[in-house]
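Undergrad: What follows is model_19.cif, mmCIF, C-alpha atoms and all ligand atoms.
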```cif
data_protein
#
loop_
_atom_site.label_atom_id
_atom_site.label_comp_id
_atom_site.auth_asym_id
_atom_site.auth_seq_id
_atom_site.Cartn_x
_atom_site.Cartn_y
_atom_site.Cartn_z
CA MET A 1 -21.66 -7.89 26.86
CA LYS A 2 -19.14 -9.37 24.47
CA GLU A 3 -16.64 -11.75 26.05
CA PRO A 4 -13.12 -12.01 24.62
CA GLY A 5 -13.18 -14.66 21.94
CA GLU A 6 -16.80 -14.09 21.08
CA PHE A 7 -18.02 -12.33 17.99
CA ASP A 8 -20.58 -9.56 18.20
CA GLY A 9 -22.92 -11.80 16.29
CA GLY A 10 -23.36 -13.75 13.10
CA GLU A 11 -22.86 -10.75 10.85
CA ASP A 12 -19.54 -9.92 12.47
CA LEU A 13 -18.29 -13.45 11.94
CA GLU A 14 -19.54 -13.50 8.36
CA LYS A 15 -17.67 -10.28 7.57
CA THR A 16 -14.38 -11.75 8.78
CA VAL A 17 -14.98 -14.98 6.89
CA ALA A 18 -15.79 -13.01 3.72
CA TRP A 19 -12.67 -10.86 4.20
CA TYR A 20 -10.42 -13.93 4.31
CA ARG A 21 -12.16 -15.55 1.31
CA ARG A 22 -11.84 -12.33 -0.68
CA PHE A 23 -8.19 -12.05 0.24
CA ALA A 24 -7.56 -15.65 -0.86
CA GLU A 25 -9.44 -15.28 -4.11
CA HIS A 26 -8.53 -11.75 -5.24
CA GLU A 27 -5.26 -10.88 -3.56
CA ALA A 28 -3.27 -14.02 -2.77
CA SER A 29 -4.35 -16.16 -5.71
CA GLY A 30 -1.55 -16.23 -8.27
CA ARG A 31 0.74 -14.25 -5.95
CA SER A 32 1.20 -16.43 -2.88
CA ALA A 33 0.00 -20.01 -2.77
CA LEU A 34 0.96 -20.14 0.90
CA PHE A 35 -1.18 -17.13 1.91
CA GLU A 36 -4.00 -18.31 -0.33
CA GLY A 37 -4.05 -21.58 1.63
CA TRP A 38 -3.80 -19.80 4.98
CA ALA A 39 -6.63 -17.41 4.12
CA TYR A 40 -9.01 -20.16 2.96
CA GLY A 41 -7.99 -22.11 6.08
CA VAL A 42 -8.82 -19.25 8.46
CA ALA A 43 -12.18 -18.66 6.73
CA ASP A 44 -13.19 -22.23 7.64
CA ASP A 45 -11.63 -22.42 11.11
CA GLY A 46 -13.99 -21.53 13.97
CA GLU A 47 -11.25 -21.62 16.59
CA VAL A 48 -8.96 -19.18 14.75
CA LEU A 49 -11.92 -16.96 13.83
CA ALA A 50 -12.83 -16.77 17.52
CA LEU A 51 -9.30 -15.62 18.34
CA LEU A 52 -9.55 -12.94 15.64
CA GLY A 53 -12.86 -11.89 17.20
CA GLU A 54 -10.91 -10.70 20.26
CA LEU A 55 -9.46 -7.92 18.11
CA PRO A 56 -11.17 -4.76 16.87
CA ARG A 57 -12.53 -5.36 13.38
CA PRO A 58 -9.86 -3.43 11.36
CA LYS A 59 -7.16 -5.46 13.13
CA ARG A 60 -8.50 -8.76 11.79
CA GLN A 61 -6.98 -7.94 8.38
CA PRO A 62 -5.52 -11.07 6.70
CA ASN A 63 -2.31 -9.35 5.63
CA LEU A 64 -1.76 -8.07 9.18
CA LEU A 65 -2.32 -11.51 10.73
CA PHE A 66 0.05 -13.21 8.30
CA ALA A 67 2.76 -10.55 8.58
CA CYS A 68 2.61 -10.46 12.39
CA SER A 69 2.75 -14.24 12.61
CA ARG A 70 5.87 -14.17 10.42
CA LEU A 71 7.36 -11.37 12.53
CA VAL A 72 6.93 -13.53 15.63
CA GLY A 73 8.64 -16.40 13.80
CA CYS A 74 6.00 -18.79 12.44
CA PRO A 75 7.12 -21.60 10.14
CA LEU A 76 6.14 -21.20 6.46
CA VAL A 77 4.14 -24.41 6.33
CA PRO A 78 0.71 -25.52 5.08
CA TYR A 79 -2.36 -24.31 6.96
CA ALA A 80 -2.93 -27.29 9.30
CA GLU A 81 0.55 -26.95 10.78
CA TRP A 82 0.59 -23.13 10.76
CA ARG A 83 -2.71 -22.85 12.67
CA GLU A 84 -1.33 -25.10 15.44
CA TRP A 85 1.63 -22.75 15.74
CA LEU A 86 -0.67 -19.71 15.62
CA ILE A 87 -2.91 -20.94 18.43
CA ALA A 88 0.11 -21.76 20.59
CA ASN A 89 1.63 -18.31 19.94
CA TRP A 90 -1.56 -16.26 19.81
CA SER A 91 -0.73 -13.86 22.64
CA ALA A 92 2.55 -12.81 20.97
CA VAL A 93 0.95 -12.51 17.52
CA SER A 94 -2.11 -10.59 18.73
CA ALA A 95 0.12 -8.22 20.72
CA GLN A 96 1.91 -7.31 17.46
CA MET A 97 -1.39 -7.00 15.59
CA ALA A 98 -2.67 -4.61 18.24
CA VAL A 99 0.20 -2.14 17.79
CA ARG A 100 0.98 -2.47 14.08
CA GLY A 101 -0.72 -1.65 10.81
CA THR A 102 0.18 -2.84 7.34
CA GLN A 103 2.65 -0.42 5.81
CA THR A 104 3.63 -2.20 2.63
CA ASN A 105 5.76 0.25 0.66
CA GLU A 106 6.01 -0.65 -3.01
CA PRO A 107 8.31 1.52 -5.15
CA ARG A 108 6.94 -0.08 -8.32
CA ARG A 109 3.77 1.97 -7.75
CA CYS A 110 5.92 4.86 -9.08
CA ALA A 111 5.58 3.18 -12.49
CA VAL A 112 1.83 3.80 -12.53
CA LEU A 113 2.15 7.28 -11.03
CA LEU A 114 4.86 8.44 -13.44
CA PRO A 115 2.75 9.07 -16.60
CA VAL A 116 0.44 11.43 -14.70
CA LEU A 117 3.19 12.92 -12.55
CA ALA A 118 5.22 13.80 -15.64
CA LYS A 119 2.26 15.76 -17.07
CA VAL A 120 2.52 18.37 -14.32
CA ALA A 121 4.73 21.21 -15.59
CA GLY A 122 7.75 21.16 -13.30
CA PRO A 123 9.95 21.43 -11.44
CA ILE A 124 7.55 20.17 -8.80
CA ALA A 125 7.11 19.73 -5.06
CA LEU A 126 6.04 16.16 -4.20
CA LEU A 127 4.13 15.43 -1.01
CA GLU A 128 3.04 11.87 -0.26
CA VAL A 129 0.30 11.13 2.23
CA GLY A 130 0.81 7.75 3.94
CA ALA A 131 4.42 7.57 2.77
CA SER A 132 5.48 4.60 4.96
CA ALA A 133 9.29 4.49 4.41
CA GLY A 134 9.21 6.95 1.51
CA LEU A 135 10.07 4.52 -1.29
CA CYS A 136 7.48 6.19 -3.54
CA LEU A 137 8.96 9.63 -2.91
CA TYR A 138 11.80 8.96 -5.38
CA PRO A 139 10.17 8.47 -8.80
CA ASP A 140 13.04 10.45 -10.33
CA ARG A 141 15.69 8.00 -9.06
CA TYR A 142 14.37 4.78 -10.57
CA SER A 143 14.57 3.33 -14.08
CA TYR A 144 11.37 2.22 -15.80
CA SER A 145 10.42 -0.23 -18.50
CA TYR A 146 6.92 -0.02 -19.99
CA ASP A 147 6.46 -3.08 -22.20
CA GLY A 148 10.19 -2.84 -22.85
CA ARG A 149 10.20 0.92 -23.45
CA ARG A 150 12.84 2.25 -21.08
CA ILE A 151 13.30 5.54 -19.23
CA ASP A 152 16.28 6.28 -16.99
CA PRO A 153 17.13 9.08 -14.56
CA VAL A 154 19.14 12.00 -15.98
CA ASP A 155 22.37 10.66 -14.46
CA GLY A 156 21.97 7.19 -15.97
CA PRO A 157 20.32 3.84 -15.23
CA SER A 158 19.18 3.23 -11.67
CA THR A 159 19.89 0.12 -9.60
CA VAL A 160 16.09 -0.20 -9.39
CA LEU A 161 14.23 -1.08 -12.59
CA LEU A 162 10.44 -0.83 -12.37
CA GLU A 163 8.78 -2.96 -15.03
CA CYS A 164 5.16 -2.30 -15.90
CA SER A 165 2.95 -3.74 -18.61
CA THR A 166 0.35 -1.47 -20.17
CA THR A 167 -2.82 -1.45 -22.21
CA GLY A 168 -4.72 1.49 -23.70
CA ASP A 169 -1.69 3.54 -24.79
CA PRO A 170 -0.80 5.55 -21.67
CA PRO A 171 1.26 8.73 -22.20
CA ILE A 172 4.70 7.35 -21.34
CA PRO A 173 7.01 10.32 -20.74
CA VAL A 174 10.43 10.61 -22.37
CA ALA A 175 12.03 12.08 -19.24
CA LEU A 176 11.56 11.84 -15.50
CA PRO A 177 10.06 14.78 -13.57
CA GLU A 178 12.30 17.24 -11.79
CA ILE A 179 11.47 17.19 -8.09
CA VAL A 180 12.88 20.11 -6.14
CA TRP A 181 11.09 19.51 -2.83
CA ARG A 182 9.78 16.25 -1.44
CA ALA A 183 8.24 15.18 1.85
CA GLY A 184 5.86 12.64 3.29
CA ILE A 185 3.46 12.34 6.17
CA ASP A 186 2.58 9.10 7.94
CA LEU A 187 1.04 8.03 11.24
CA ASN A 188 4.10 5.84 11.71
CA PRO A 189 6.98 6.73 9.39
CA LEU A 190 9.39 3.86 8.81
CA ASP A 191 13.09 4.59 8.76
CA VAL A 192 15.11 2.59 6.24
CA SER A 193 18.18 3.01 8.46
CA ASP A 194 16.48 1.31 11.41
CA GLU A 195 16.76 -2.47 11.61
CA GLU A 196 13.39 -3.05 13.28
CA ASP A 197 11.65 -0.91 10.63
CA THR A 198 13.37 -2.63 7.70
CA THR A 199 12.55 -6.05 9.18
CA TRP A 200 8.88 -5.04 9.33
CA LEU A 201 8.97 -3.70 5.75
CA GLU A 202 10.52 -6.93 4.52
CA THR A 203 8.08 -9.05 6.53
CA LEU A 204 5.26 -7.34 4.67
CA ILE A 205 6.58 -8.78 1.40
CA TRP A 206 4.88 -12.09 0.77
CA PRO A 207 7.03 -15.22 1.13
CA GLU A 208 7.20 -16.23 -2.53
CA GLN A 209 7.86 -12.70 -3.83
CA HIS A 210 11.65 -12.89 -4.11
CA GLU A 211 11.90 -10.42 -6.99
CA ARG A 212 9.92 -7.86 -5.00
CA ARG A 213 12.19 -8.37 -2.01
CA GLN A 214 15.26 -7.60 -4.15
CA ARG A 215 13.62 -4.53 -5.66
CA ILE A 216 12.53 -3.14 -2.30
CA ARG A 217 15.98 -3.72 -0.80
CA ALA A 218 17.58 -1.86 -3.71
CA ALA A 219 15.06 0.99 -3.35
CA MET A 220 15.81 1.16 0.38
CA ASP A 221 19.51 1.66 -0.50
CA ILE A 222 18.60 4.61 -2.71
CA VAL A 223 16.40 6.16 -0.01
CA ARG A 224 19.05 5.53 2.66
CA SER A 225 21.59 7.52 0.65
CA ASP A 226 19.33 10.59 0.69
CA PRO A 227 16.79 10.18 3.51
CA PRO A 228 13.44 11.88 2.94
CA ARG A 229 11.60 14.12 5.33
CA ILE A 230 8.62 12.15 6.59
CA VAL A 231 6.57 13.90 9.24
CA ARG A 232 4.87 11.77 11.87
CA GLY A 233 1.26 12.83 11.74
CA ASP A 234 -2.25 12.32 10.56
CA ALA A 235 -3.37 12.78 6.96
CA ILE A 236 -6.06 15.20 8.06
CA ASP A 237 -5.00 16.99 11.24
CA ASP A 238 -1.31 17.44 10.41
CA LEU A 239 -1.29 17.80 6.63
CA PRO A 240 -1.95 21.59 6.50
CA ALA A 241 1.25 22.31 8.45
CA LEU A 242 3.31 20.31 5.97
CA VAL A 243 1.57 21.90 2.99
CA ALA A 244 2.46 25.29 4.47
CA ASP A 245 6.14 24.31 4.20
CA VAL A 246 6.04 23.85 0.42
CA PRO A 247 8.20 26.57 -1.16
CA ALA A 248 6.14 29.33 -2.78
CA GLY A 249 5.82 29.24 -6.55
CA ILE A 250 6.57 25.52 -6.94
CA PRO A 251 3.65 23.44 -8.29
CA LEU A 252 2.56 21.05 -5.56
CA VAL A 253 1.64 17.44 -6.32
CA ILE A 254 -0.02 15.48 -3.52
CA VAL A 255 0.11 11.71 -3.93
CA SER A 256 -1.94 9.20 -2.00
CA SER A 257 -1.30 5.58 -2.88
CA ALA A 258 -2.89 2.71 -0.94
CA ALA A 259 -3.18 5.18 1.93
CA ILE A 260 -6.55 6.91 2.30
CA VAL A 261 -8.22 3.50 2.21
CA TYR A 262 -7.07 3.37 5.85
CA LEU A 263 -9.21 6.40 6.75
CA MET A 264 -12.78 5.88 7.88
CA PRO A 265 -15.35 7.26 5.39
CA GLU A 266 -16.05 10.50 7.27
CA PRO A 267 -12.39 11.56 7.76
CA ARG A 268 -11.65 10.38 4.22
CA ALA A 269 -14.35 12.73 2.92
CA ARG A 270 -12.76 15.56 4.94
CA PHE A 271 -9.34 14.73 3.47
CA ILE A 272 -10.81 14.86 -0.05
CA ASP A 273 -12.53 18.21 0.65
CA TYR A 274 -9.24 19.59 1.92
CA VAL A 275 -7.08 18.55 -1.06
CA ARG A 276 -9.81 19.56 -3.51
CA ALA A 277 -9.64 23.12 -2.16
CA LEU A 278 -5.83 23.32 -2.45
CA ASP A 279 -3.99 24.87 -5.36
CA ALA A 280 -2.39 21.51 -6.09
CA THR A 281 -2.59 18.42 -8.28
CA TRP A 282 -3.87 15.40 -6.37
CA ILE A 283 -2.85 12.03 -7.75
CA SER A 284 -4.66 9.17 -6.11
CA ASN A 285 -3.94 5.47 -6.59
CA GLU A 286 -6.41 3.67 -4.35
CA GLY A 287 -9.00 0.93 -4.30
CA ALA A 288 -11.64 1.56 -6.96
CA GLY A 289 -14.37 2.90 -4.63
CA ILE A 290 -12.17 4.99 -2.36
CA VAL A 291 -12.43 8.27 -4.31
CA PRO A 292 -16.18 8.40 -4.96
CA VAL A 293 -16.19 11.18 -7.59
CA ALA A 294 -13.55 9.35 -9.69
CA ALA A 295 -15.41 6.05 -9.29
CA GLY A 296 -18.65 7.77 -10.35
CA LYS A 297 -17.01 8.97 -13.57
CA LEU A 298 -16.12 5.42 -14.64
CA ASN A 299 -19.55 5.16 -16.22
CA GLY A 300 -19.65 1.40 -15.99
CA ARG A 301 -16.05 0.79 -17.09
CA VAL A 302 -14.60 -2.04 -15.02
CA SER A 303 -11.05 -3.14 -14.45
CA PRO A 304 -9.85 -5.92 -16.76
CA VAL A 305 -8.38 -7.82 -13.81
CA THR A 306 -9.94 -8.21 -10.36
CA GLY A 307 -8.31 -6.50 -7.41
CA GLN A 308 -6.97 -3.52 -9.37
CA MET A 309 -6.68 0.03 -8.05
CA LEU A 310 -7.96 3.22 -9.68
CA LEU A 311 -5.52 5.96 -10.65
CA SER A 312 -7.10 9.41 -10.72
CA VAL A 313 -5.92 12.98 -11.08
CA ASN A 314 -8.00 15.60 -9.30
CA GLU A 315 -10.77 12.97 -9.13
CA GLU A 316 -10.69 12.28 -12.90
CA PRO A 317 -10.21 8.54 -13.47
CA MET A 318 -7.14 7.82 -15.60
CA ALA A 319 -6.33 4.10 -15.36
CA PHE A 320 -6.80 0.86 -13.53
CA THR A 321 -3.52 -0.24 -11.96
CA GLY A 322 -2.00 -3.42 -10.61
CA PRO A 323 -1.92 -3.36 -6.79
CA HIS A 324 1.87 -3.39 -6.80
CA GLY A 325 2.37 -1.21 -9.89
CA ASP A 326 2.87 -4.16 -12.22
CA ARG A 327 0.28 -3.04 -14.77
CA LEU A 328 -1.33 0.12 -16.06
CA ASP A 329 -4.61 -0.20 -17.95
CA TRP A 330 -5.19 3.28 -19.32
CA LEU A 331 -8.81 4.34 -19.71
C1 LIG B 1 -0.06 0.45 2.61
S1 LIG B 1 0.97 1.78 3.11
C2 LIG B 1 1.24 2.56 1.55
C3 LIG B 1 2.62 3.18 1.45
C4 LIG B 1 2.91 3.90 0.15
N1 LIG B 1 1.98 4.98 -0.07
C5 LIG B 1 2.92 2.97 -1.05
O1 LIG B 1 2.02 3.09 -1.90
O2 LIG B 1 3.79 2.12 -1.13
C6 LIG B 1 -0.20 2.87 3.89
C7 LIG B 1 0.46 3.91 4.81
O3 LIG B 1 -0.54 4.83 5.22
C8 LIG B 1 -0.28 5.19 6.56
N2 LIG B 1 -1.50 5.75 7.17
C9 LIG B 1 -2.64 5.08 7.49
N3 LIG B 1 -3.53 5.94 8.03
C10 LIG B 1 -2.95 7.17 8.04
C11 LIG B 1 -3.36 8.46 8.48
N4 LIG B 1 -4.55 8.65 9.04
N5 LIG B 1 -2.50 9.48 8.34
C12 LIG B 1 -1.27 9.28 7.79
N6 LIG B 1 -0.83 8.09 7.36
C13 LIG B 1 -1.65 7.04 7.48
C14 LIG B 1 0.19 3.89 7.20
O4 LIG B 1 0.91 4.13 8.40
C15 LIG B 1 1.03 3.29 6.09
O5 LIG B 1 2.39 3.60 6.23
#
```
Go through the file and emit its structure as structure tokens.
TA:
Amino acid sequence: MKEPGEFDGGEDLEKTVAWYRRFAEHEASGRSALFEGWAYGVADDGEVLALLGELPRPKRQPNLLFACSRLVGCPLVPYAEWREWLIANWSAVSAQMAVRGTQTNEPRRCAVLLPVLAKVAGPIALLEVGASAGLCLYPDRYSYSYDGRRIDPVDGPSTVLLECSTTGDPPIPVALPEIVWRAGIDLNPLDVSDEEDTTWLETLIWPEQHERRQRIRAAMDIVRSDPPRIVRGDAIDDLPALVADVPAGIPLVIVSSAAIVYLMPEPRARFIDYVRALDATWISNEGAGIVPVAAGKLNGRVSPVTGQMLLSVNEEPMAFTGPHGDRLDWL
């Protein structure tokens, strides 16, 4: 029987080590030197790896460890010093890791969704699965700049400008979509009017990402002025009830962005079967292998930059995208 602190075996340990190395190399590199150092440090640190082994495997996620340690109040210092703090504060950090999941909400992902969203003849109903705080439910309230080509909401420039660089000539719309109904569903909706929730959202932004912090704060102001409906529920069990609320005759667009990756393969397949059978457009912006049919249609095309996501519409691959909506590489 496995004792706390012990791994199930060599393979279990190797998977965690590989996860931290991958995170350092493909996610933190170039974005957060601090997290890159922490992730490489954890991958080589038997004592910290043993602590992580006390947690169920999905909870050993690098981003979750780093965010929860910051939430508990760790100093932003190089690895050797941070790991001393972590070991001393492990019970508080692991308690947070046990009850939280990463809920990074990045409004700039609207910049990669917009070209495909605008192709649906509107006005539309927008339903986001895994909406977090709902910052991606307002693509019509932000301004955009694609390689300097600008689009503003009908009532003028937004306080939030989403800049996105492109390759492959994506169909940049001239106007923003008209959204007449919007709602989200999330296992744990975050409320931008609640201090604890906004603290968690901001803690999920990496330390060096000051520009992102400003953008997300400005997006939270927009959302706060017109709070969305976000139902607390599961993407599979509770989605049909929300779909049933969509007004008749309005084209429904379902968006999943960095969300169904959190479902295990079997429930994810059930989710895909369900949305496939709906009279709706499904826009997915997820890790490249998460929507198997879309991935299968890539026919060997690979993303120009590692760590990109795949944008697909009804399982047709459309583009590789930057994980935070910073680039759109149209196929
Ligand atoms: C990384 S966030 C992405 C938020 C937003 N879609 C975006 O792109 O900025 C993933 C969200 O999915 C939610 N989530 C994870 N599993 C879920 C499930 N089974 N049902 C509903 N929401 C889920 C999480 O609570 C979290 O808020």
Undergrad: Ligand LIG 1 (chain B): which residues are within 10 Å, counting all atoms listed in the file, as a PyMOL selection string?
TA: chain A and resi 100-110+128-137+184-190+201+204+231-239+255-264+267-268+271+284-286+323-325
Undergrad: With all atoms listed in the file as the counted atoms, please give the residues lying no more than 9 Å from Met220 (chain A), apart from itself and same-chain residues fewer than 4 positions off, as a PyMOL selection string.
TA: chain A and resi 133-135+192-193+198+215-216+224-225
Undergrad: Between CA of Ala24 (chain A) and CA of Trp206 (chain A), what is the distance, to one decimal in Å?
TA: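 Pair CA of Ala24 (chain A) / CA of Trp206 (chain A) returns 13.0 Å.
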Undergrad: Near Tyr20 (chain A), within 12 Å and counting all atoms listed in the file, which residues show up once chain neighbours fewer than 4 positions away are dropped, as a count of residues only?
TA: 31
Undergrad: Counting all atoms listed in the file, which residues in region 50-138 of chain A sit no more than 10 Å from region 301-316 of chain A? For each one, give the nearest pair of atoms and the distance in Å, sorted by chain then residue number, as a tab-separated table.
TA:
```
residue	atom	partner	partner_atom	distance
A:Val112	CA	A:Leu311	CA	7.9
A:Leu113	CA	A:Leu311	CA	7.8
A:Val116	CA	A:Val313	CA	7.5
A:Leu117	CA	A:Val313	CA	9.2
```
Undergrad: Rounded to one decimal, what separation in Å do you get between CA of Ser158 (chain A) and CA of Met318 (chain A)?
TA: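 Separating CA of Ser158 (chain A) from CA of Met318 (chain A) is a distance of 27.0 Å.
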Undergrad: Calculate how many Å separate CA of Lys119 (chain A) from CA of Thr281 (chain A), rounding to one decimal.
TA: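 Value for the CA of Lys119 (chain A)-CA of Thr281 (chain A) distance: 10.4 Å.
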Undergrad: Using only C-alpha atoms, give me every residue within 7 Å of (7.2, 15.0, -4.5) in file coordinates, as number ranges by chain.
TA: A: 124-128, 137, 179, 181-183, 253
Undergrad: Since fewer atoms than expected are present, regenerate all heavy atoms for region 298-307 of chain A and write them as a PDB file, keeping the file's coordinate frame.
TA:
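Done, and the output landed in result-v6.pdb:
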```
ATOM      1  N   LEU A 298     -16.519   6.602 -13.843  1.00  0.00           N
ATOM      2  CA  LEU A 298     -16.120   5.420 -14.640  1.00  0.00           C
ATOM      3  C   LEU A 298     -17.212   5.025 -15.623  1.00  0.00           C
ATOM      4  O   LEU A 298     -16.947   4.358 -16.625  1.00  0.00           O
ATOM      5  CB  LEU A 298     -15.798   4.240 -13.713  1.00  0.00           C
ATOM      6  CG  LEU A 298     -14.428   4.304 -13.037  1.00  0.00           C
ATOM      7  CD1 LEU A 298     -14.296   3.200 -11.997  1.00  0.00           C
ATOM      8  CD2 LEU A 298     -13.305   4.207 -14.059  1.00  0.00           C
ATOM      9  N   ASN A 299     -18.420   5.448 -15.329  1.00  0.00           N
ATOM     10  CA  ASN A 299     -19.550   5.160 -16.220  1.00  0.00           C
ATOM     11  C   ASN A 299     -19.601   3.700 -16.655  1.00  0.00           C
ATOM     12  O   ASN A 299     -19.661   3.399 -17.851  1.00  0.00           O
ATOM     13  CB  ASN A 299     -19.513   6.057 -17.462  1.00  0.00           C
ATOM     14  CG  ASN A 299     -19.668   7.513 -17.073  1.00  0.00           C
ATOM     15  OD1 ASN A 299     -20.399   7.822 -16.131  1.00  0.00           O
ATOM     16  ND2 ASN A 299     -18.953   8.389 -17.757  1.00  0.00           N
ATOM     17  N   GLY A 300     -19.497   2.824 -15.688  1.00  0.00           N
ATOM     18  CA  GLY A 300     -19.650   1.400 -15.990  1.00  0.00           C
ATOM     19  C   GLY A 300     -18.384   0.701 -16.454  1.00  0.00           C
ATOM     20  O   GLY A 300     -18.380  -0.515 -16.600  1.00  0.00           O
ATOM     21  N   ARG A 301     -17.293   1.464 -16.684  1.00  0.00           N
ATOM     22  CA  ARG A 301     -16.050   0.790 -17.090  1.00  0.00           C
ATOM     23  C   ARG A 301     -15.509   0.018 -15.903  1.00  0.00           C
ATOM     24  O   ARG A 301     -15.474   0.540 -14.783  1.00  0.00           O
ATOM     25  CB  ARG A 301     -15.012   1.802 -17.586  1.00  0.00           C
ATOM     26  CG  ARG A 301     -15.391   2.404 -18.939  1.00  0.00           C
ATOM     27  CD  ARG A 301     -14.497   3.547 -19.288  1.00  0.00           C
ATOM     28  NE  ARG A 301     -14.722   4.707 -18.413  1.00  0.00           N
ATOM     29  CZ  ARG A 301     -14.130   5.880 -18.568  1.00  0.00           C
ATOM     30  NH1 ARG A 301     -13.249   6.055 -19.542  1.00  0.00           N
ATOM     31  NH2 ARG A 301     -14.388   6.889 -17.752  1.00  0.00           N
ATOM     32  N   VAL A 302     -15.107  -1.218 -16.129  1.00  0.00           N
ATOM     33  CA  VAL A 302     -14.600  -2.040 -15.020  1.00  0.00           C
ATOM     34  C   VAL A 302     -13.175  -2.474 -15.324  1.00  0.00           C
ATOM     35  O   VAL A 302     -12.768  -2.555 -16.486  1.00  0.00           O
ATOM     36  CB  VAL A 302     -15.480  -3.282 -14.757  1.00  0.00           C
ATOM     37  CG1 VAL A 302     -16.816  -2.896 -14.175  1.00  0.00           C
ATOM     38  CG2 VAL A 302     -15.663  -4.106 -16.016  1.00  0.00           C
ATOM     39  N   SER A 303     -12.444  -2.768 -14.256  1.00  0.00           N
ATOM     40  CA  SER A 303     -11.050  -3.140 -14.450  1.00  0.00           C
ATOM     41  C   SER A 303     -10.968  -4.498 -15.137  1.00  0.00           C
ATOM     42  O   SER A 303     -11.785  -5.387 -14.877  1.00  0.00           O
ATOM     43  CB  SER A 303     -10.309  -3.165 -13.118  1.00  0.00           C
ATOM     44  OG  SER A 303     -10.886  -4.110 -12.269  1.00  0.00           O
ATOM     45  N   PRO A 304      -9.960  -4.663 -16.029  1.00  0.00           N
ATOM     46  CA  PRO A 304      -9.850  -5.920 -16.760  1.00  0.00           C
ATOM     47  C   PRO A 304      -9.429  -7.088 -15.874  1.00  0.00           C
ATOM     48  O   PRO A 304      -9.641  -8.240 -16.221  1.00  0.00           O
ATOM     49  CB  PRO A 304      -8.773  -5.630 -17.818  1.00  0.00           C
ATOM     50  CG  PRO A 304      -8.035  -4.433 -17.335  1.00  0.00           C
ATOM     51  CD  PRO A 304      -8.966  -3.668 -16.453  1.00  0.00           C
ATOM     52  N   VAL A 305      -8.871  -6.775 -14.729  1.00  0.00           N
ATOM     53  CA  VAL A 305      -8.380  -7.820 -13.810  1.00  0.00           C
ATOM     54  C   VAL A 305      -8.949  -7.497 -12.432  1.00  0.00           C
ATOM     55  O   VAL A 305      -8.978  -6.328 -12.041  1.00  0.00           O
ATOM     56  CB  VAL A 305      -6.826  -7.777 -13.750  1.00  0.00           C
ATOM     57  CG1 VAL A 305      -6.289  -8.815 -12.800  1.00  0.00           C
ATOM     58  CG2 VAL A 305      -6.213  -7.947 -15.132  1.00  0.00           C
ATOM     59  N   THR A 306      -9.379  -8.514 -11.689  1.00  0.00           N
ATOM     60  CA  THR A 306      -9.940  -8.210 -10.360  1.00  0.00           C
ATOM     61  C   THR A 306      -8.835  -7.729  -9.422  1.00  0.00           C
ATOM     62  O   THR A 306      -7.665  -8.054  -9.598  1.00  0.00           O
ATOM     63  CB  THR A 306     -10.629  -9.437  -9.727  1.00  0.00           C
ATOM     64  OG1 THR A 306      -9.718 -10.515  -9.769  1.00  0.00           O
ATOM     65  CG2 THR A 306     -11.924  -9.788 -10.397  1.00  0.00           C
ATOM     66  N   GLY A 307      -9.255  -6.949  -8.437  1.00  0.00           N
ATOM     67  CA  GLY A 307      -8.310  -6.500  -7.410  1.00  0.00           C
ATOM     68  C   GLY A 307      -7.447  -5.322  -7.833  1.00  0.00           C
ATOM     69  O   GLY A 307      -6.473  -5.005  -7.167  1.00  0.00           O
TER      70      GLY A 307
END
```
